[in-house]
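Enquirer: One structure follows; several queries about it will come next.
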Amino acid sequence: MRKAIMNISTKAILACGIALFAASAPALAAEASRAPAGQLADGTAIETITLSNGHGVSAKILTYGATLQSLSGPDKQGKVADVLLGYDDLAGYVDHPNYYGVTVGRYANRIAGGKFTLDGKSYQLPLNDKVNSLHGGGKGFDKQAWKVVSLKSGPTAMLVLSHVSPDGDSGYPGKLDVTVTYTLDEQGNLGIVFDAKTDKPTIVNMTNHAIFNLAGEGSPGGALDHLLTIPAKAYTPVDANLIPTGELKPVTGGVFDFQSPRRVADGIRDGRDPQIVAGRGYDHNFALDKGATRTPALAARLEDPASGRVLEVLSTEPGVQFYTGNFLDGTLVGKGGHLYRMGDGIALEPQKFPDTPNQPAFGSARVDPGKPYHHAMVYRLTVKP
């Protein structure tokens, strides 16, 4: 079984073009290592997996929540910094969960009223976001201990994690067998592939919830001076409960227009736009021009002019949620004793549109037996001279 999973994951990654190599460059091995991270209350051991390349880019993954705990890379002066908000240790993620870098599922983002209908049967999910179900309903994939299936070094370092979500878990139908595959190559591509198969019809929408500050997490200026590009001509406006209204609204000329690089600070506090007021800033899904693709294509580009760091987010999914940390209020102590506030980090979460199960015009989040779920994404961290 382990060999089968490994073959499937490897083929998926190669097919999606996540391992990008320069043919003329010498092969440099990327390293994969593991270390104890502590235990959960029930005694379950949690590990930290580190993937690193020969150019100063490294990622740490916790088996708790299949969480991307850190992503570090050099700036234009060669200084390496961690660019992810989060916690220094396991206890922070367990005791003060805030979705930092976690794998979210079964359904990322919001489902209105926590309700959906499938084949004429209605399902009720836990409500953990006022009147909505958010990121799996409060006891989702981010709060599970994942198993290490395989770990290897090589031209591309690779980690495969697995989890089994039983039929009825948090109200979702079907037993779901899930794998998350992390890879890191020498070009700074951190690939994340989500695969899931079910034994009965269900819905699935998985992503990673990393919150970035390319200047380095905890930097005093936050991330509002970053330049953001999102190749999308439209976004999905939301109601007072942050559920899409169903409209695809053109972005051209407004505060949601990121078709060309634009400073995040320019629109985040523009109270003249009722959508900025509703989201307390940016907390909206963008309908990517590329739509759903077979291989990962550009969903967003983020640049910090001061450090020179550039993050490109690629995905096979049709949407990306842009979130400016609006609910960070300085009450939780993060890495290095830093208090995170609104604008201290930016999330760019590729996924299906929010509330898709209740809005057929958005497509389908349905997954059936024999037709597995697959989402491939990439965080490409580089430096602009």
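The way I read the labels, and the way they are meant: chains A, B, ... in the order of the structure tokens, residue 1 as the first residue of every chain, and ligand 1 as the first ligand shown, with later ones counted on from there.
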Give me the residues within 10 Å of segment 268-279 of chain A as a list in words, counting only C-alpha atoms and dropping any in the same chain fewer than 4 places off.
Expert: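 Near segment 268-279 of chain A, the qualifying residues are Leu224, Thr236, Pro237, Val238, Asp239, Ala240, Asn241, Leu242, Gly254, Val255, Phe256, Arg263, Val264, Asp283, His284, Tyr323, Thr324, Asn326, Phe327 and Gly343 of chain A.
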Enquirer: Per DSSP on the backbone, filter segment 88-140 of chain A down to the residues in strand (DSSP E or B) and report them as number ranges by chain.
Expert: A: 103-104, 107, 110-112, 115-118, 121-124, 129, 132-134
Enquirer: Excluding segment 182-188 of chain A and residues on its chain fewer than 3 positions from it, collect all residues at most 7 Å away from it, counting only C-alpha atoms, and give them as a short mmCIF file (atom, residue, chain, number, x, y, z; two decimals) with C-alpha atoms, in the first residue's frame.
Expert:
```cif
data_model
loop_
_atom_site.label_atom_id
_atom_site.label_comp_id
_atom_site.auth_asym_id
_atom_site.auth_seq_id
_atom_site.Cartn_x
_atom_site.Cartn_y
_atom_site.Cartn_z
CA ALA A 19 9.51 19.57 -9.75
CA LEU A 20 11.02 22.23 -12.02
CA PHE A 21 14.69 21.76 -12.81
CA LEU A 28 21.90 19.44 -5.88
CA ALA A 30 17.44 18.55 -1.27
CA LEU A 51 12.76 19.98 3.85
CA SER A 52 15.69 22.12 2.71
CA ASN A 53 17.53 22.89 -0.52
CA GLY A 54 21.02 24.10 -1.32
CA HIS A 55 20.01 27.72 -1.79
CA VAL A 57 15.11 27.74 1.23
CA PRO A 155 16.84 16.22 -6.29
CA THR A 156 13.39 16.92 -4.85
CA ALA A 157 12.83 16.29 -1.13
CA MET A 158 9.45 14.70 -0.49
CA LEU A 159 7.10 14.08 2.44
CA VAL A 160 3.83 12.15 2.16
CA GLY A 191 4.79 21.84 -3.85
CA ILE A 192 1.69 20.72 -1.95
CA VAL A 193 -0.57 18.08 -3.45
CA ARG A 380 7.49 29.40 -5.25
CA LEU A 381 9.82 31.51 -3.09
CA THR A 382 12.51 33.44 -4.96
#
```
Enquirer: Which residues come within 12 Å of segment 42-45 of chain A, counting only C-alpha atoms, excluding same-chain residues fewer than 3 positions away, as a list of chain:residue names?
Expert: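 Residues near the query, excluding close chain neighbours: A:Ala35, A:Pro36, A:Ala37, A:Gly38, A:Gln39, A:Thr48, A:Leu62, A:Thr63, A:Tyr64, A:Leu90, A:Gln144, A:Ala145, A:Trp146, A:Lys147, A:Val148.
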Enquirer: Any idea what's packed within 9 Å of Val367 of chain A, counting only C-alpha atoms, ignoring anything in its chain fewer than 4 positions away? Could you give it as a VMD selection string?
Expert: chain A and resid 196 to 198 200 to 204 371 to 373
Enquirer: Considering only C-alpha atoms, can you say which of A:Phe353, A:Tyr340, A:Tyr100, A:Tyr379 comes closest to Pro220 of chain A?
Expert: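 Smallest distance to Pro220 of chain A is found for A:Tyr340.
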Enquirer: Tell me which of A:Tyr282, A:Pro74, A:Ala112, A:Thr117 sits closest to Asn132 of chain A, counting only C-alpha atoms.
Expert: A:Ala112
Enquirer: I want to know what sits within 9 Å of Gly65 of chain A, based on only C-alpha atoms, with residues of the same chain fewer than 5 positions away left out; could you give that as a ChimeraX atom specification?
Expert: /A:93,101-104,140-146
Enquirer: Give the helix (DSSP H, G or I) residues of segment 235-356 of chain A, as DSSP finds them on the backbone, and put them as a list in words.
Expert: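 Reading the DSSP output for segment 235-356 of chain A, helix (DSSP H, G or I) covers Ala265, Asp266, Gly267, Ile268, Pro274, Gln275, Ile276, Val277, Ala278, Gly279, Lys335, Gly336, Gly337 and Thr356 of chain A.
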Enquirer: What would the file look like if the residues just selected were written as a CSV table (one decimal), in the first residue's frame with C-alpha atoms?
Expert:
```csv
chain,number,residue,atom,x,y,z
A,265,ALA,CA,-2.3,49.1,1.8
A,266,ASP,CA,-3.9,51.2,-1.0
A,267,GLY,CA,-7.3,49.5,-0.5
A,268,ILE,CA,-7.4,47.6,2.7
A,274,PRO,CA,-19.0,48.3,1.2
A,275,GLN,CA,-17.2,45.0,0.5
A,276,ILE,CA,-14.1,46.2,2.4
A,277,VAL,CA,-16.4,47.1,5.2
A,278,ALA,CA,-18.1,43.7,5.1
A,279,GLY,CA,-14.8,41.9,5.2
A,335,LYS,CA,6.7,33.2,16.9
A,336,GLY,CA,9.5,35.0,18.8
A,337,GLY,CA,6.9,36.5,21.2
A,356,THR,CA,-19.9,26.0,-3.9
```
Enquirer: For Ala297 of chain A, which residue among A:Pro250, A:Gly334, A:Gly281, A:Pro231 is the nearest when counting only C-alpha atoms?
Expert: A:Pro231
Enquirer: Can you work out which one of A:Thr229, A:Asn128, A:Ser72, A:Gln77 has the shortest atom-to-atom distance to Gln259 of chain A, counting only C-alpha atoms?
Expert: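 The answer is A:Thr229, which sits nearest to Gln259 of chain A.
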Enquirer: Restricting the calculation to only C-alpha atoms, which member of A:Gly154, A:Pro261, A:Gly370, A:Gly319 is positioned closest to Thr207 of chain A?
Expert: A:Gly319
Enquirer: Restricting the calculation to only C-alpha atoms: of A:Thr252, A:Asn208, A:Asn109, A:Ser150, which residue gets closest to Ser33 of chain A?
Expert: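 Result for the nearest residue to Ser33 of chain A: A:Ser150.
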